[in-house]
Amino acid sequence: MTDLDALDLDFVQLGDTGLQTSELQFGTWRFGRETEEGNVEIDEDRAHELLDAYEAAGGRFIDTADVYGGGVAEEWIGDWLAERDRERFTVASKIYWQIRDGDPNSRGTNRKNLRHRTDALLDRLDTDYVDVLYIHRWDDQTSAREMMKTLNGLVEAGKVNYLGASTHRPNAWKVAKANAIARAEGWEPFSVLQPRYNLADREIEGDYLEMARSEGLAVCPWSPLGQGFLTGKYSREDGLTGESRAAESSRFQESYLTEENFDLHDELDAVADEVDATPAQTALAWLMHRDGVTAPIVGARTVEQLEENLSASEIDLSDKQVSRLTEAKGGPYAGL
Ligand SMILES: NC(=O)c1ccc[n+]([C@@H]2O[C@H](COP(=O)([O-])OP(=O)(O)OC[C@H]3O[C@@H](n4cnc5c(N)ncnc54)[C@H](OP(=O)(O)O)[C@@H]3O)[C@@H](O)[C@H]2O)c1
């Protein structure tokens, strides 16, 4: 077992902001999340054990969202932070998804929803401010001007320090346009991006990462292990294993359990053997070596998984090994 105290995660600069944050962030998506069978994926005790382990490794960046566990993720983080010096931690949350049936205003980035939901999440987190407030998804029904002006107001009110844009599909021009409006008006622009990015999922390579570079934005990838695909727990022959939530999802199976991805996994296994690491650690190390990536957000269901993943910070890959992994998936941007 890893000695978490010995890991001592490094701090990295969050894009062009003055903020230093952990090189690996901790994601809380599965805190309080109910499975179809009605079980809670990560209960409060486990959530606090995971946060303890992350803190012991020197981790200081906690990523959450107001919909995780229907709000209980934020409550559990708030309870945990209440016993610590809140100032030592960087906390990010997100707003977008509809929270009341039949109420279209309870979704998106309109002024009413952003203001009300920011107050509600601060209350649950039991804190006066969040370090980063993300829009969880882009809301095409609210103008960029209304959204950026409202977000700027939250920064000016001291409820939010920095603004972020999270996304499922690359949306470079929308972020660039919103930031151009904000800068022209003297409002706070987005400083942080949260896209999906991992060895098997490379959609953001190209315009989106170029835009991030040109705007000086931090890039904090979610699903850095392809929801577990890159950990070696799936095999070409047997496909699914019992020990996984993702295994039940047809979307996961279609996106990740493909011949092309298993070929990529063969190369990942080979490099992992060379550096005496696990596939998960090697996949995370690859992401940390990628130009333009600030800090991946690690998710974990158990403390053992978290320990394994945080140890990726110790793995050194040669340029050649990084290129082999980059090129193993192929595609138009493999060489970037
Ligand atoms: N902005 C967004 O829209 C968005 C979307 C998704 C996530 N996120 C954020 O990003 C964080 C991470 O995303 P993610 O959970 O999808 O990340 P991920 O690292 O790709 O997947 C995490 C899952 O993989 C499995 N796993 C992780 N480490 C493992 C290990 N060492 N060995 C075996 N299995 C392992 C676990 O699930 P099983 O054990 O069940 O297989 C774990 O829950 C989330 O918590 C959230 O904060 C944001």
# chains A, B, ... in the order shown; residues from 1 in each chain; ligands from 1
$ residues_around --residues "Gly299 of chain A" --least-positions-apart "2" --cutoff "8 Å" --atoms "only C-alpha atoms" --output "list in words"
Phe26, Gly27, Thr28, Trp29, Ser223, Ile297, Arg301 and Leu306 of chain A
$ closest_atom_pairs --of "chain A" --to "ligand 1" --cutoff "8 Å" --atoms "only C-alpha atoms and all ligand atoms" --output "tab-separated table"
residue	atom	partner	partner_atom_place_in_ligand_line	distance
A:Phe26	CA	ligand 1	47 (O)	6.6
A:Gly27	CA	ligand 1	47 (O)	3.1
A:Thr28	CA	ligand 1	45 (O)	4.1
A:Trp29	CA	ligand 1	45 (O)	3.8
A:Arg30	CA	ligand 1	45 (O)	6.2
A:Ile62	CA	ligand 1	47 (O)	7.9
A:Asp63	CA	ligand 1	47 (O)	4.9
A:Thr64	CA	ligand 1	47 (O)	5.3
A:Ala65	CA	ligand 1	47 (O)	7.4
A:Lys94	CA	ligand 1	1 (N)	7.8
A:His136	CA	ligand 1	1 (N)	5.7
A:Arg137	CA	ligand 1	3 (O)	7.2
A:Ser166	CA	ligand 1	1 (N)	4.9
A:Thr167	CA	ligand 1	3 (O)	5.8
A:His168	CA	ligand 1	3 (O)	6.0
A:Gln194	CA	ligand 1	1 (N)	5.7
A:Pro195	CA	ligand 1	1 (N)	6.5
A:Arg196	CA	ligand 1	5 (C)	7.0
A:Asn198	CA	ligand 1	20 (O)	7.7
A:Pro221	CA	ligand 1	10 (O)	7.1
A:Trp222	CA	ligand 1	10 (O)	3.9
A:Ser223	CA	ligand 1	20 (O)	3.1
A:Pro224	CA	ligand 1	20 (O)	4.3
A:Leu225	CA	ligand 1	20 (O)	3.4
A:Gly226	CA	ligand 1	20 (O)	3.9
A:Gln227	CA	ligand 1	21 (O)	3.2
A:Gly228	CA	ligand 1	24 (O)	3.3
A:Phe229	CA	ligand 1	24 (O)	7.1
A:Leu230	CA	ligand 1	20 (O)	7.8
A:Thr231	CA	ligand 1	32 (N)	5.1
A:Gly232	CA	ligand 1	33 (C)	7.4
A:Lys233	CA	ligand 1	33 (C)	6.4
A:Glu243	CA	ligand 1	39 (O)	6.1
A:Ser244	CA	ligand 1	40 (O)	3.6
A:Arg245	CA	ligand 1	40 (O)	4.0
A:Ala246	CA	ligand 1	41 (O)	5.8
A:Ala247	CA	ligand 1	41 (O)	7.3
A:Ala280	CA	ligand 1	31 (N)	5.6
A:Gln281	CA	ligand 1	31 (N)	7.5
A:Ile297	CA	ligand 1	11 (C)	5.1
A:Val298	CA	ligand 1	12 (C)	4.8
A:Gly299	CA	ligand 1	12 (C)	3.9
A:Ala300	CA	ligand 1	42 (C)	4.1
A:Arg301	CA	ligand 1	43 (O)	4.5
A:Thr302	CA	ligand 1	39 (O)	7.4
A:Glu304	CA	ligand 1	31 (N)	7.2
A:Gln305	CA	ligand 1	31 (N)	3.8
A:Leu306	CA	ligand 1	28 (N)	6.3
A:Glu307	CA	ligand 1	31 (N)	7.7
A:Glu308	CA	ligand 1	31 (N)	5.2
A:Asn309	CA	ligand 1	31 (N)	5.4
$ residues_around --residues "segment 284-288 of chain A" --least-positions-apart "2" --cutoff "8 Å" --atoms "only C-alpha atoms" --output "PyMOL selection string"
chain A and resi 198-199+224-225+280-282+290+293-296+309+312-313+315-317+322+325
$ write_last_selection --atoms "N, CA and C atoms" --output "short mmCIF file (atom, residue, chain, number, x, y, z; two decimals), in the first residue's frame"
data_model
loop_
_atom_site.label_atom_id
_atom_site.label_comp_id
_atom_site.auth_asym_id
_atom_site.auth_seq_id
_atom_site.Cartn_x
_atom_site.Cartn_y
_atom_site.Cartn_z
N ASN A 198 -8.92 11.84 -22.18
CA ASN A 198 -8.10 10.71 -21.71
C ASN A 198 -7.50 10.04 -22.94
N LEU A 199 -6.63 9.08 -22.71
CA LEU A 199 -5.91 8.42 -23.82
C LEU A 199 -6.85 7.91 -24.91
N PRO A 224 -10.40 11.01 -16.61
CA PRO A 224 -9.03 10.80 -17.12
C PRO A 224 -8.71 9.33 -17.34
N LEU A 225 -9.52 8.43 -16.73
CA LEU A 225 -9.29 6.99 -16.94
C LEU A 225 -10.41 6.37 -17.78
N ALA A 280 -3.47 2.28 -14.97
CA ALA A 280 -4.14 3.52 -14.53
C ALA A 280 -3.11 4.62 -14.27
N GLN A 281 -2.05 4.27 -13.56
CA GLN A 281 -1.01 5.27 -13.26
C GLN A 281 -0.36 5.79 -14.54
N THR A 282 -0.15 4.87 -15.49
CA THR A 282 0.52 5.25 -16.73
C THR A 282 -0.39 6.15 -17.58
N ARG A 290 0.88 15.82 -21.00
CA ARG A 290 0.38 16.44 -22.23
C ARG A 290 0.48 17.95 -22.14
N VAL A 293 -2.32 20.53 -20.56
CA VAL A 293 -3.13 19.97 -19.47
C VAL A 293 -2.61 20.52 -18.13
N THR A 294 -3.53 21.05 -17.33
CA THR A 294 -3.12 21.62 -16.03
C THR A 294 -3.14 20.56 -14.94
N ALA A 295 -4.28 19.92 -14.75
CA ALA A 295 -4.41 18.93 -13.67
C ALA A 295 -5.63 18.06 -13.92
N PRO A 296 -5.43 16.75 -14.14
CA PRO A 296 -6.57 15.85 -14.29
C PRO A 296 -7.37 15.73 -12.98
N ASN A 309 -4.14 5.85 -7.98
CA ASN A 309 -4.20 6.93 -8.96
C ASN A 309 -3.31 8.11 -8.56
N ALA A 312 0.32 8.20 -9.47
CA ALA A 312 0.72 8.55 -10.85
C ALA A 312 1.64 9.76 -10.86
N SER A 313 1.53 10.58 -9.82
CA SER A 313 2.37 11.79 -9.76
C SER A 313 3.84 11.42 -9.67
N ILE A 315 5.24 8.92 -11.44
CA ILE A 315 5.67 8.18 -12.64
C ILE A 315 6.29 9.11 -13.67
N ASP A 316 7.48 8.74 -14.11
CA ASP A 316 8.15 9.53 -15.14
C ASP A 316 8.07 8.77 -16.46
N LEU A 317 7.59 9.41 -17.49
CA LEU A 317 7.57 8.78 -18.81
C LEU A 317 8.57 9.51 -19.69
N VAL A 322 5.72 8.74 -24.13
CA VAL A 322 4.54 9.60 -24.30
C VAL A 322 4.07 9.53 -25.76
N LEU A 325 2.31 6.26 -26.68
CA LEU A 325 0.93 6.22 -26.18
C LEU A 325 0.04 7.15 -27.00
#
$ select_by_dssp --residues "segment 161-325 of chain A" --states "strand (DSSP E)" --output "ChimeraX atom specification"
/A:161-166,190-194,218-219,297-298
$ write_last_selection --atoms "C-alpha atoms" --output "PDB file, in the first residue's frame"
ATOM      1  CA  ASN A 161     -13.035  33.606  -7.216  1.00  0.00           C
ATOM      2  CA  TYR A 162     -12.616  32.268 -10.760  1.00  0.00           C
ATOM      3  CA  LEU A 163     -14.959  31.185 -13.537  1.00  0.00           C
ATOM      4  CA  GLY A 164     -14.855  27.910 -15.430  1.00  0.00           C
ATOM      5  CA  ALA A 165     -16.601  26.268 -18.371  1.00  0.00           C
ATOM      6  CA  SER A 166     -17.109  22.526 -18.314  1.00  0.00           C
ATOM      7  CA  PHE A 190     -13.500  32.144 -17.923  1.00  0.00           C
ATOM      8  CA  SER A 191     -10.099  31.054 -16.569  1.00  0.00           C
ATOM      9  CA  VAL A 192     -10.566  27.288 -16.369  1.00  0.00           C
ATOM     10  CA  LEU A 193     -11.893  24.593 -18.692  1.00  0.00           C
ATOM     11  CA  GLN A 194     -13.147  21.156 -17.721  1.00  0.00           C
ATOM     12  CA  ALA A 218      -6.305  26.042 -17.368  1.00  0.00           C
ATOM     13  CA  VAL A 219      -7.443  22.617 -18.612  1.00  0.00           C
ATOM     14  CA  ILE A 297      -9.508  15.231 -11.945  1.00  0.00           C
ATOM     15  CA  VAL A 298      -9.182  11.743 -10.501  1.00  0.00           C
TER      16      VAL A 298
END
$ residues_around --residues "segment 53-60 of chain A" --least-positions-apart "6" --cutoff "10 Å" --atoms "only C-alpha atoms" --output "PyMOL selection string"
chain A and resi 2-11+20-26+47+87-91+303-304+306-307+310-311
